[in-house]
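Colleague: One structure follows; several queries about it will come next.
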Number of protein chains: 2
Amino acid sequence: MTVTTLLYRDPTAPVEARVGDLLARMTLREKAGQLNQRMYGWDAYRRTPTGGFELTEALLAETERFAGLGALYGLLRADAWSGVDHTTGSGAEDGAELAHLVQRHVVERSRLGIPALFVEEVPHGHMALDGTVLPVNLAVGATWDPGLYERAAAHAAAELRARGGHVALVSALDIARDPRWGRTEECFGEDPYLAARLTEALVRGMQGEQEPGGLFAPDKAPVVLKHFAGQGATVGGRNSAESELGPRELHEIHLPAARAGVRAGAAAVMAAYNEVDGMPCSGNRALLTGLLRERWGFEGLVMADGLAVDRLARITGDTVSAGALALRAGVDLSLWDEGFTRLEEAVARRLVSEEDLDRAVARVLRLKFRLGLFEQPYGPCPFPDPAAGRELSTALARAAVTLLHDDQGVLPLTAASSVAVLGPHADTVAHQLGDYTAPQRPGTGTSVLDALRRTGMDIRHTRGCALTGADLSGIPAAITEAAAADLAVLVLGGSSARTPDTEFDANGAARTAVSEMTCGEGADLAGLRLGAAQHTLLDAVIATGTPTVVVLVQGRPHAVPEAAERAAALLTAWYPGPWGGEAIADVLLGRAEPVGRLPVSVPRSAGHLPVHYNHKDTEYGGYVDDSAEPLFGFGHGLSYTRFAYGPPRLSGRTVEVDITNTGQRRGRTVAQLYLRRLVTPVWPRTLELRGFRAVDLEPGECRTVAFVLGPEQLAQVGTDLEMAVLPGTVEIRVAESARRALTAVPVGLRVDQSFTAPDETPL
Amino acid sequence: MTVTTLLYRDPTAPVEARVGDLLARMTLREKAGQLNQRMYGWDAYRRTPTGGFELTEALLAETERFAGLGALYGLLRADAWSGVDHTTGSGAEDGAELAHLVQRHVVERSRLGIPALFVEEVPHGHMALDGTVLPVNLAVGATWDPGLYERAAAHAAAELRARGGHVALVSALDIARDPRWGRTEECFGEDPYLAARLTEALVRGMQGEQEPGGLFAPDKAPVVLKHFAGQGATVGGRNSAESELGPRELHEIHLPAARAGVRAGAAAVMAAYNEVDGMPCSGNRALLTGLLRERWGFEGLVMADGLAVDRLARITGDTVSAGALALRAGVDLSLWDEGFTRLEEAVARRLVSEEDLDRAVARVLRLKFRLGLFEQPYGPCPFPDPAAGRELSTALARAAVTLLHDDQGVLPLTAASSVAVLGPHADTVAHQLGDYTAPQRPGTGTSVLDALRRTGMDIRHTRGCALTGADLSGIPAAITEAAAADLAVLVLGGSSARTPDTEFDANGAARTAVSEMTCGEGADLAGLRLGAAQHTLLDAVIATGTPTVVVLVQGRPHAVPEAAERAAALLTAWYPGPWGGEAIADVLLGRAEPVGRLPVSVPRSAGHLPVHYNHKDTEYGGYVDDSAEPLFGFGHGLSYTRFAYGPPRLSGRTVEVDITNTGQRRGRTVAQLYLRRLVTPVWPRTLELRGFRAVDLEPGECRTVAFVLGPEQLAQVGTDLEMAVLPGTVEIRVAESARRALTAVPVGLRVDQSFTAPDETPL
């Protein structure tokens, strides 16, 4: 009798063979266990008095209950909700040790030695202690720079794996259609094309190049793309409320990023809370199976959002049937629900078949094999250079800073000898970070004040007011400082900083915003206004007559039309991350050019929502009391120089445009290619972004930018909801923003089937 | 050879035979002519110096061009847009004469003697000089009284026919989902069930009882139900903009009124401007043919909205192909378009077949035969008693007045000896009327001030401010009057009054709101606020300390939370029509009980839209800066007495509730039956109205109200979008409002197939 390795343990065997072999050996209970990640990861361990970690009874009970553990959520998470901080959680130096400890326990308690997946939040960097915080997605959207984002995403994945984490949860698919939504900061913007390109960059950066279904490199992490689908369209910007959107809107606006992510090889998607056509995504078979798997050919994992499966009990009557509904719909892995813990009962009640379970279990196991967990359950890669992370984060922040107007030419701040740096965002790093962020070590990051002080300029500072509330007591001091300065830099905005007094729902969404939190998950804002005192401060500082540069640090476009009308200059930096102050100062001082472009339209008020550049092409004259046009439109962003765009030339399938830097400084323009459909089988949008290219030009320099028109550019959602290149006529416009494109000289194109080559399938 | 009557001229022949016979005799040009109503009716005639009418060259050219005339729009219309007034238009005494003159010309110029259809606006009464103006639909919705509305609709139809008009254009199908929309006033409210019952009442009232496809009585008018479909859901409340709504939302919310109207026998529907799933309704074959004709079996006429066919040229390239697209989609009769005037060319270009034309022509001819126009082309019925019209209009207005709060018990106004009647709506009839209204003869109608003065009370009055603008110069006088009175009645609101300086689009929608127009077609309001000075006036009057009753006269729910918070009492009367002031006074004085109930939710601000009681049942904690709940919810309305509702009892298919008047006055409660679905195949709304019944009770009296649960109550839109009674469990709640229903004691019901009897098909 020879000693044989079990097939599933043979690293040379094909993944599918290993999955099949292992599955065949598993009990029903073990299978059900693989589909659960019920625990909060931070409940799995505690610090010992000597500074190490020990496992909790909760973890022991959990592995006992499931005869192993499918996945563990948030082992490394640290934030106000989890309550984990530097005294209780694991940092860069001991995260891997913690993960090792837990994993060893899981493997040892599993009869078949199946390791757990450690699933972590990585919305803008790994949200763990010592994780490098990146600017939020909305800021990433403002960079229009997928290449830079890809490198940053790769860094975040390497940090995650170095800490023993495996799978990255990343918002990418939500499209920002209503800025009232507190999670607008997690969106790449309002445009499906821009979001699709950034989603691809995310997947490439985090997962790296691997064969379809192949192994992940040790510093790469499978991505769970959040959220599938349509969550950006919930009514009223209300978090996880219903969406009324129709299939066309879904396909045209909300699905392209998901489609791109799936094509790029995303390992997993997360089913969203919201419903689509009468069924929450987690119970929506048409969406998760009909569209995602059968039509798109997705072979990865579908995870439900936290407690989303149990919510289905509202219409099924109990959590067992809720779990069955979700599994049948296409959910493989649950998050915190009871429903999936009772799948054995669902099989017994014949609500699901064991084959249904097997399909889902196979997808979980497949991911574990692809991660090499059976070979290297504990094997982290080395922690990547933190300096590189900081550099990438700062570069993204710098690229995101967007100059909205500079009517008086006060920027860059070369002439001012005395500057008053004012406002509740002037001297804080905590509020620059965005939601989900872990506690930062003291001294991490740079505020605007820090960065400007370092220049040696004559800087005066007072805060003026808090982010929220109507306390005006600090305003007189701000007036004094502003009046005494040559120029005021007024840094206003919102905050997604969770503090220990924030109350949370069971899924970690903020329940009430005490403290200064007005944005982030669960913090939706009906009025889109800043805190009341901030508006008073703005009025008061401008009234001093000192030219005032307003900088907005925010997770959504707030409605501050008075700043657009009366400030000397206006910038938005979104949430730029820890080193955002440095990035903002770089742009203010002209050490960096302002290259950010709006990924969302900026509304005048909450009353005229929605504002998107890519609305349908209907005639609308405006409201009696307001314009229907945004204050600043999609794609807008000024430079310190100017550019002239020549008329587009069409040659075969290539559009060329000559762009000249007509100003006195080096600068970057982001050439944006828009389609305007003329003859078409469905009612068109006014414009559709279908290409963009950043161009750096010296003063007087002219370059020709070329775009090739392929299916990615020309395809549309037909009457059958299939994406295809349909016969018709279109205009191509290349311009610096959507609004400019409306009046740009077009070049016409008659589209026919020849635009779909046999080897190209659109989008 | 015997003299034979041509078959189509034989009144004893079946309509279908007559249609077929006539159609067979027509040329292509004559057929195309029947599908057009290109002219504005007021361009067809002019006054002669002697006070009679003569036909214009425009009409002669039009009948020449079409070898007859299919239909003529607005022959009797008079308003600021048409420019017709009492000096130029026809009134009660000579309308029939004008219609006769035009019709005789049309019949004589038509080779086959085909009379024209005279199509008129009857949104709330016949919008012609001397037509009885009824309260707008939103006020009708507030009455919850289909019986009363049916009688008023019958009166309007009789007036129309007496004036020589034939076909009534009536808004009924638009559901008020966004109060920013200026046409909210034309909606019966936010609820599909309430709108469906009122639409049935409209059709019964105007068309009377006739056999399916049978003849209309001489005082009855075929109704064109406007607008099909989904126009209430255009984004941002923007008039005729796109709608993003999905098929489920369409079927659950926007189609039930249309379905009910079609079942009630409506002769026609008007295709709406907005698009549904990527195609404007006028070009939407899935909607006009697939759903309306093939699934619902509608055999009537489909008219396009004004210029809606030509708008399709945006995607077809020219108006000929636009006309062809509309005809193929299912439009029979165009309004003002060029596209349909060139249908002969469309046939020549093979864009449509002559069979396509024939189908549409047959529908136009069928309606003419059903109206008896070939027998009585000129024969009007006698003009109905204007006093009866006034009585019906006032009764509707009275029933619409809704008491929203009365915290201090100041109403009815029995105790006040001195009353200050203030506000820009206190002494005007013109602004009580709503959009589309014809110029009124001097002395028509009653303002609130008029009606209160007639009581002999000590009345002080000053206007305080205008409806729009920020002129505060009148406010000191208002403060003086308020301070000197025991009680102030402050009448505020909006206006849809078109004035000669209003600018119009080609389809009659108001383009810019100069003057005081802030509501009506084309007058959308982003902020939902009253004119700025009105808010100042409100603050100032309340600050006097004199108890203040605020009455809102409006075509939409404005956001005036300060009135809800600080006024002693608050009422809304919507646009109550000419005698609205009397109706309001009746309620204020207790001569009539307040019986109105909200047909729409009243928002706190534009920022937290949408607010509907029948949103999906998702958990939502509210915005950081506002509640997501309306200020006042659907179905709400107080009485001067109080009612106690007992728990519901279910016996077989009957739900019974005991209701007791526990107060000191006679009063009326509107018992509202709501469904709350528990186990259900699609995600449910929080509540669904499925029955209502007004109950008059003496003090101390108790009555049992019974509702029978049938398919109309229990059916839902299934996963296949078909309306059906599906197995599940539901709760039945009976309460005074939707908000009360949330906490009312329910009775549970297990629904199975037995609830669909063979002879009952749901909705």
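Within each chain, counting starts at residue 1; across the structure tokens, chains are named A, B, ... in the order shown, with ligands numbered 1 upward in that order.
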Just list as a list in words whatever in range 297-428 of chain B DSSP marks as strand (DSSP E or B).
Modeller: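 Taking range 297-428 of chain B and keeping strand (DSSP E or B) only, one gets Leu301, Val302, Met303, Ala304, Leu333, Thr402, Leu403, Leu404, His405, Asp406, Ser418, Val419, Ala420, Val421 and Leu422 of chain B.
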Colleague: Go ahead and save the picked residues with N, CA and C atoms, as a CSV table (one decimal), in the first residue's frame.
Modeller:
chain,number,residue,atom,x,y,z
B,301,LEU,N,-59.5,54.9,-29.2
B,301,LEU,CA,-58.6,55.8,-30.0
B,301,LEU,C,-57.4,56.1,-29.1
B,302,VAL,N,-56.3,56.2,-29.8
B,302,VAL,CA,-55.1,56.8,-29.1
B,302,VAL,C,-54.7,58.1,-29.8
B,303,MET,N,-54.7,59.1,-29.0
B,303,MET,CA,-54.3,60.4,-29.5
B,303,MET,C,-52.9,60.7,-29.0
B,304,ALA,N,-52.1,61.4,-29.8
B,304,ALA,CA,-50.8,61.8,-29.3
B,304,ALA,C,-51.0,63.2,-28.6
B,333,LEU,N,-54.4,59.4,-33.8
B,333,LEU,CA,-54.8,60.8,-34.1
B,333,LEU,C,-53.7,61.7,-33.5
B,402,THR,N,-59.4,70.6,3.5
B,402,THR,CA,-58.8,69.6,4.4
B,402,THR,C,-58.2,70.3,5.6
B,403,LEU,N,-58.6,69.9,6.8
B,403,LEU,CA,-58.0,70.4,8.0
B,403,LEU,C,-56.8,69.6,8.4
B,404,LEU,N,-55.7,70.2,8.3
B,404,LEU,CA,-54.4,69.5,8.6
B,404,LEU,C,-54.1,69.5,10.1
B,405,HIS,N,-54.2,70.7,10.7
B,405,HIS,CA,-54.1,70.6,12.2
B,405,HIS,C,-54.9,71.8,12.8
B,406,ASP,N,-55.3,71.6,14.0
B,406,ASP,CA,-56.1,72.6,14.8
B,406,ASP,C,-55.7,72.4,16.3
B,418,SER,N,-63.7,89.3,16.0
B,418,SER,CA,-63.0,90.2,15.0
B,418,SER,C,-62.0,89.4,14.3
B,419,VAL,N,-62.0,89.3,13.0
B,419,VAL,CA,-61.1,88.5,12.3
B,419,VAL,C,-60.4,89.3,11.2
B,420,ALA,N,-59.1,89.1,11.2
B,420,ALA,CA,-58.2,89.7,10.2
B,420,ALA,C,-58.1,88.7,9.1
B,421,VAL,N,-58.5,89.1,7.9
B,421,VAL,CA,-58.4,88.1,6.7
B,421,VAL,C,-57.3,88.7,5.9
B,422,LEU,N,-56.2,88.0,5.8
B,422,LEU,CA,-54.9,88.5,5.3
B,422,LEU,C,-54.4,87.5,4.2
Colleague: Write out, as a Markdown table, each residue of chain B that has an atom at most 6 Å from chain A, together with the closest pair of atoms and their distance in Å to one decimal, counting only C-alpha atoms, rows going by chain and rising number.
Modeller:
| residue | atom | partner | partner_atom | distance |
| --- | --- | --- | --- | --- |
| B:Gly236 | CA | A:Leu609 | CA | 5.8 |
| B:Ala241 | CA | A:Thr618 | CA | 5.7 |
| B:Glu244 | CA | A:Leu245 | CA | 5.3 |
| B:Leu245 | CA | A:Leu245 | CA | 4.7 |
| B:Gly246 | CA | A:Gly246 | CA | 3.1 |
| B:Arg248 | CA | A:Asp277 | CA | 5.9 |
| B:Asp277 | CA | A:Arg248 | CA | 5.8 |
| B:Gly278 | CA | A:Trp683 | CA | 5.0 |
| B:Met279 | CA | A:Trp683 | CA | 5.5 |
| B:Ile315 | CA | A:Val679 | CA | 4.5 |
| B:Thr316 | CA | A:Val679 | CA | 5.3 |
| B:Gly317 | CA | A:Val679 | CA | 5.8 |
| B:Ala523 | CA | A:Val624 | CA | 5.8 |
| B:Asp524 | CA | A:Tyr623 | CA | 4.9 |
| B:Leu525 | CA | A:Tyr623 | CA | 5.3 |
| B:Ala526 | CA | A:Gly607 | CA | 4.6 |
| B:Gly527 | CA | A:Gly607 | CA | 5.0 |
| B:Ala606 | CA | A:Gly607 | CA | 5.1 |
| B:Gly607 | CA | A:Ala526 | CA | 4.6 |
| B:His608 | CA | A:Ala526 | CA | 5.1 |
| B:Leu609 | CA | A:Gly236 | CA | 5.8 |
| B:Pro610 | CA | A:Gly236 | CA | 5.9 |
| B:Thr618 | CA | A:Ala241 | CA | 5.7 |
| B:Tyr623 | CA | A:Asp524 | CA | 5.0 |
| B:Val624 | CA | A:Leu525 | CA | 5.4 |
| B:Asp625 | CA | A:Leu525 | CA | 5.9 |
| B:Leu678 | CA | A:Ile315 | CA | 5.8 |
| B:Val679 | CA | A:Ile315 | CA | 4.5 |
| B:Thr680 | CA | A:Ile315 | CA | 5.3 |
| B:Val682 | CA | A:Gly278 | CA | 5.1 |
| B:Trp683 | CA | A:Gly278 | CA | 5.0 |
Colleague: Which residues are near range 137-140 of chain A? Cut-off 8 Å, only C-alpha atoms, ignore same chain within fewer than 3 positions. Put them as a list in words.
Modeller: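 With the cut-off at 8 Å, the set is Pro123, His124, Thr143, Trp144, Asp145, Tyr149, Ser171, Ala172, Thr184, Glu185, Glu186, Cys187, Phe188, Gly189, Leu396, Ala397, Ala400, Val401, Gly555, Arg556, Ala573, Trp574, Tyr575, Pro576 and Pro599 of chain A.
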Colleague: Any idea what's packed within 10 Å of range 687-693 of chain A, counting only C-alpha atoms, ignoring anything in its chain fewer than 6 positions away? Could you give it as a VMD selection string?
Modeller: chain A and resid 144 to 145 191 to 194 197 613 to 617 634 to 635 669 to 677 705 to 710 712 to 715 731 to 739 741 to 742
Colleague: Please write the residues from the selection above to a file, keeping N, CA and C atoms, as a short mmCIF file (atom, residue, chain, number, x, y, z; two decimals), in the first residue's frame.
Modeller:
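Final output, again38.cif:
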data_model
loop_
_atom_site.label_atom_id
_atom_site.label_comp_id
_atom_site.auth_asym_id
_atom_site.auth_seq_id
_atom_site.Cartn_x
_atom_site.Cartn_y
_atom_site.Cartn_z
N TRP A 144 -9.49 60.90 -13.02
CA TRP A 144 -9.60 60.38 -14.39
C TRP A 144 -8.30 59.66 -14.77
N ASP A 145 -7.71 58.94 -13.81
CA ASP A 145 -6.40 58.35 -14.05
C ASP A 145 -6.39 56.89 -13.61
N ASP A 191 -20.84 58.66 -13.96
CA ASP A 191 -20.75 58.17 -15.34
C ASP A 191 -20.38 56.71 -15.44
N PRO A 192 -21.11 55.94 -16.22
CA PRO A 192 -20.82 54.50 -16.31
C PRO A 192 -19.49 54.20 -17.00
N TYR A 193 -19.11 55.01 -17.97
CA TYR A 193 -17.86 54.72 -18.69
C TYR A 193 -16.65 54.96 -17.80
N LEU A 194 -16.65 56.10 -17.13
CA LEU A 194 -15.55 56.42 -16.22
C LEU A 194 -15.47 55.38 -15.10
N ARG A 197 -13.93 52.10 -16.38
CA ARG A 197 -12.47 52.12 -16.56
C ARG A 197 -11.76 52.03 -15.20
N TYR A 613 -25.03 65.01 -16.32
CA TYR A 613 -24.82 65.46 -17.70
C TYR A 613 -25.50 64.50 -18.67
N ASN A 614 -25.58 63.24 -18.29
CA ASN A 614 -26.06 62.24 -19.25
C ASN A 614 -27.54 61.91 -19.05
N HIS A 615 -28.31 62.97 -18.81
CA HIS A 615 -29.76 62.79 -18.80
C HIS A 615 -30.25 62.56 -20.23
N LYS A 616 -31.48 62.11 -20.32
CA LYS A 616 -32.04 61.91 -21.65
C LYS A 616 -32.20 63.25 -22.35
N ASP A 617 -32.16 63.22 -23.66
CA ASP A 617 -32.18 64.47 -24.41
C ASP A 617 -33.61 64.97 -24.59
N PHE A 634 -20.39 67.78 -15.12
CA PHE A 634 -19.48 66.63 -15.24
C PHE A 634 -18.30 66.97 -16.15
N GLY A 635 -17.13 66.55 -15.71
CA GLY A 635 -15.93 66.73 -16.54
C GLY A 635 -15.27 68.08 -16.38
N THR A 669 -4.56 68.82 -19.78
CA THR A 669 -5.99 68.82 -20.08
C THR A 669 -6.45 67.37 -20.18
N VAL A 670 -7.69 67.13 -19.80
CA VAL A 670 -8.24 65.79 -19.96
C VAL A 670 -9.23 65.86 -21.12
N ALA A 671 -8.78 65.36 -22.26
CA ALA A 671 -9.64 65.38 -23.46
C ALA A 671 -10.72 64.33 -23.29
N GLN A 672 -11.94 64.76 -23.43
CA GLN A 672 -13.08 63.88 -23.19
C GLN A 672 -13.85 63.67 -24.49
N LEU A 673 -14.02 62.43 -24.84
CA LEU A 673 -14.75 62.10 -26.07
C LEU A 673 -16.19 61.76 -25.72
N TYR A 674 -17.09 62.53 -26.30
CA TYR A 674 -18.52 62.30 -26.06
C TYR A 674 -19.21 61.89 -27.34
N LEU A 675 -20.18 61.01 -27.17
CA LEU A 675 -21.06 60.62 -28.27
C LEU A 675 -22.37 61.36 -28.12
N ARG A 676 -22.90 61.79 -29.23
CA ARG A 676 -24.27 62.32 -29.23
C ARG A 676 -25.01 61.56 -30.32
N ARG A 677 -25.96 60.73 -29.91
CA ARG A 677 -26.66 59.91 -30.88
C ARG A 677 -27.75 60.71 -31.57
N VAL A 705 -4.43 64.29 -30.39
CA VAL A 705 -4.93 63.17 -29.58
C VAL A 705 -5.84 62.32 -30.45
N ALA A 706 -5.62 61.04 -30.41
CA ALA A 706 -6.41 60.15 -31.25
C ALA A 706 -7.23 59.18 -30.39
N PHE A 707 -8.45 58.98 -30.78
CA PHE A 707 -9.31 57.99 -30.14
C PHE A 707 -9.77 57.02 -31.23
N VAL A 708 -9.69 55.76 -30.95
CA VAL A 708 -10.20 54.77 -31.90
C VAL A 708 -11.63 54.42 -31.50
N LEU A 709 -12.52 54.45 -32.45
CA LEU A 709 -13.92 54.16 -32.18
C LEU A 709 -14.17 52.67 -32.39
N GLY A 710 -14.45 52.01 -31.33
CA GLY A 710 -14.78 50.59 -31.43
C GLY A 710 -16.12 50.34 -30.78
N GLU A 712 -16.75 49.50 -27.86
CA GLU A 712 -16.79 50.10 -26.52
C GLU A 712 -17.32 51.53 -26.59
N GLN A 713 -17.06 52.17 -27.72
CA GLN A 713 -17.50 53.55 -27.88
C GLN A 713 -18.92 53.62 -28.44
N LEU A 714 -19.25 52.72 -29.34
CA LEU A 714 -20.46 52.90 -30.14
C LEU A 714 -21.65 52.07 -29.68
N ALA A 715 -21.37 51.03 -28.91
CA ALA A 715 -22.47 50.14 -28.54
C ALA A 715 -23.50 50.85 -27.67
N GLU A 731 -22.88 61.77 -33.51
CA GLU A 731 -21.88 62.83 -33.57
C GLU A 731 -20.81 62.53 -32.53
N ILE A 732 -19.57 62.81 -32.87
CA ILE A 732 -18.46 62.67 -31.94
C ILE A 732 -18.01 64.09 -31.58
N ARG A 733 -17.88 64.33 -30.30
CA ARG A 733 -17.41 65.62 -29.84
C ARG A 733 -16.28 65.41 -28.85
N VAL A 734 -15.26 66.19 -28.95
CA VAL A 734 -14.14 66.10 -28.00
C VAL A 734 -14.01 67.46 -27.34
N ALA A 735 -14.02 67.46 -26.02
CA ALA A 735 -14.03 68.75 -25.32
C ALA A 735 -13.48 68.58 -23.93
N GLU A 736 -13.35 69.70 -23.23
CA GLU A 736 -12.78 69.70 -21.88
C GLU A 736 -13.79 69.35 -20.81
N SER A 737 -15.06 69.33 -21.14
CA SER A 737 -16.08 68.99 -20.16
C SER A 737 -17.36 68.67 -20.93
N ALA A 738 -18.32 68.11 -20.22
CA ALA A 738 -19.60 67.80 -20.87
C ALA A 738 -20.27 69.08 -21.35
N ARG A 739 -20.20 70.11 -20.54
CA ARG A 739 -20.89 71.34 -20.95
C ARG A 739 -20.23 71.93 -22.20
N ALA A 741 -18.77 70.23 -24.39
CA ALA A 741 -19.07 69.33 -25.51
C ALA A 741 -20.40 69.69 -26.16
N LEU A 742 -21.30 70.28 -25.38
CA LEU A 742 -22.61 70.64 -25.94
C LEU A 742 -22.47 71.62 -27.10
#
Colleague: What's around Ala153 in chain A at 8 Å? Count only C-alpha atoms, leave out sequence neighbours fewer than 6 positions away in its own chain, and write the answer as a list in words.
Modeller: Gly125, Ala201, Leu202, Gly205 and Met206 of chain A
Colleague: If you run DSSP over the backbone, which residues in range 661-715 of chain A end up helix (DSSP H, G or I)? Put them as a PDB file with N, CA and C atoms, in the first residue's frame.
Modeller:
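For reference, out_3.pdb as written:
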ATOM      1  N   PRO A 711     -16.443  49.090 -30.607  1.00  0.00           N
ATOM      2  CA  PRO A 711     -17.709  48.760 -29.954  1.00  0.00           C
ATOM      3  C   PRO A 711     -17.843  49.400 -28.573  1.00  0.00           C
ATOM      4  N   GLU A 712     -16.746  49.501 -27.859  1.00  0.00           N
ATOM      5  CA  GLU A 712     -16.790  50.099 -26.525  1.00  0.00           C
ATOM      6  C   GLU A 712     -17.322  51.529 -26.590  1.00  0.00           C
ATOM      7  N   GLN A 713     -17.056  52.171 -27.716  1.00  0.00           N
ATOM      8  CA  GLN A 713     -17.503  53.553 -27.883  1.00  0.00           C
ATOM      9  C   GLN A 713     -18.923  53.615 -28.440  1.00  0.00           C
ATOM     10  N   LEU A 714     -19.246  52.720 -29.344  1.00  0.00           N
ATOM     11  CA  LEU A 714     -20.464  52.905 -30.139  1.00  0.00           C
ATOM     12  C   LEU A 714     -21.647  52.070 -29.680  1.00  0.00           C
TER      13      LEU A 714
END
Colleague: Excluding same-chain residues fewer than 6 positions from Ala44 in chain B, what lies within 7 Å of it counting only C-alpha atoms, as a PDB file with C-alpha atoms, in the first residue's frame?
Modeller:
ATOM      1  CA  LEU B  55     -64.486  81.218 -40.918  1.00  0.00           C
ATOM      2  CA  THR B  56     -60.870  82.042 -41.572  1.00  0.00           C
ATOM      3  CA  ALA B  58     -56.728  79.058 -42.374  1.00  0.00           C
ATOM      4  CA  LEU B  59     -59.690  76.761 -41.869  1.00  0.00           C
TER       5      LEU B  59
END
Colleague: Find the residues around range 344-349 of chain B up to 7 Å (only C-alpha atoms counted), leave out those fewer than 6 positions away in its own chain, and share them as number ranges by chain.
Modeller: B: 28-29, 32, 320-321, 324
Colleague: Grab the residues selected above and save them as a PDB file, in the first residue's frame with N, CA and C atoms.
Modeller:
ATOM      1  N   LEU B  28     -56.473  57.773 -50.124  1.00  0.00           N
ATOM      2  CA  LEU B  28     -55.384  57.805 -49.150  1.00  0.00           C
ATOM      3  C   LEU B  28     -55.302  59.186 -48.509  1.00  0.00           C
ATOM      4  N   ARG B  29     -55.496  60.214 -49.307  1.00  0.00           N
ATOM      5  CA  ARG B  29     -55.414  61.565 -48.771  1.00  0.00           C
ATOM      6  C   ARG B  29     -56.528  61.823 -47.763  1.00  0.00           C
ATOM      7  N   ALA B  32     -55.593  60.034 -44.532  1.00  0.00           N
ATOM      8  CA  ALA B  32     -54.577  60.764 -43.765  1.00  0.00           C
ATOM      9  C   ALA B  32     -55.211  61.966 -43.076  1.00  0.00           C
ATOM     10  N   VAL B 320     -41.483  62.786 -41.298  1.00  0.00           N
ATOM     11  CA  VAL B 320     -42.247  61.723 -41.975  1.00  0.00           C
ATOM     12  C   VAL B 320     -42.015  60.393 -41.263  1.00  0.00           C
ATOM     13  N   SER B 321     -40.774  60.097 -40.992  1.00  0.00           N
ATOM     14  CA  SER B 321     -40.484  58.840 -40.303  1.00  0.00           C
ATOM     15  C   SER B 321     -40.961  58.895 -38.856  1.00  0.00           C
ATOM     16  N   ALA B 324     -44.513  57.989 -39.051  1.00  0.00           N
ATOM     17  CA  ALA B 324     -44.639  56.551 -39.305  1.00  0.00           C
ATOM     18  C   ALA B 324     -44.380  55.752 -38.029  1.00  0.00           C
TER      19      ALA B 324
END
Colleague: Just checking: using only C-alpha atoms, which residue out of B:Ala176, B:Ala430, B:Ala286, B:Val269 ends up closest to Pro557 in chain B?
Modeller: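 When distances to Pro557 in chain B are compared using only C-alpha atoms, the smallest one comes from B:Ala176.
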Colleague: Separation of CA of Pro547 in chain B and CA of Gln408 in chain B, in Å?
Modeller: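 Separating CA of Pro547 in chain B from CA of Gln408 in chain B is a distance of 8.5 Å.
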Colleague: Let me make sure I understand: among A:Glu562, A:Glu121, A:Glu64, A:Asp21, which one has the smallest atom-to-atom distance to His166 in chain A if we use only C-alpha atoms?
Modeller: A:Glu121
Colleague: Hey, can you check how far CA of Val15 in chain B sits from CA of Leu198 in chain B?
Modeller: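 These two atoms are separated by 29.5 Å.
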Colleague: Separation of CA of Asn661 in chain B and CA of Arg740 in chain B, in Å?
Modeller: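 Distance between the two atoms: 16.7 Å.
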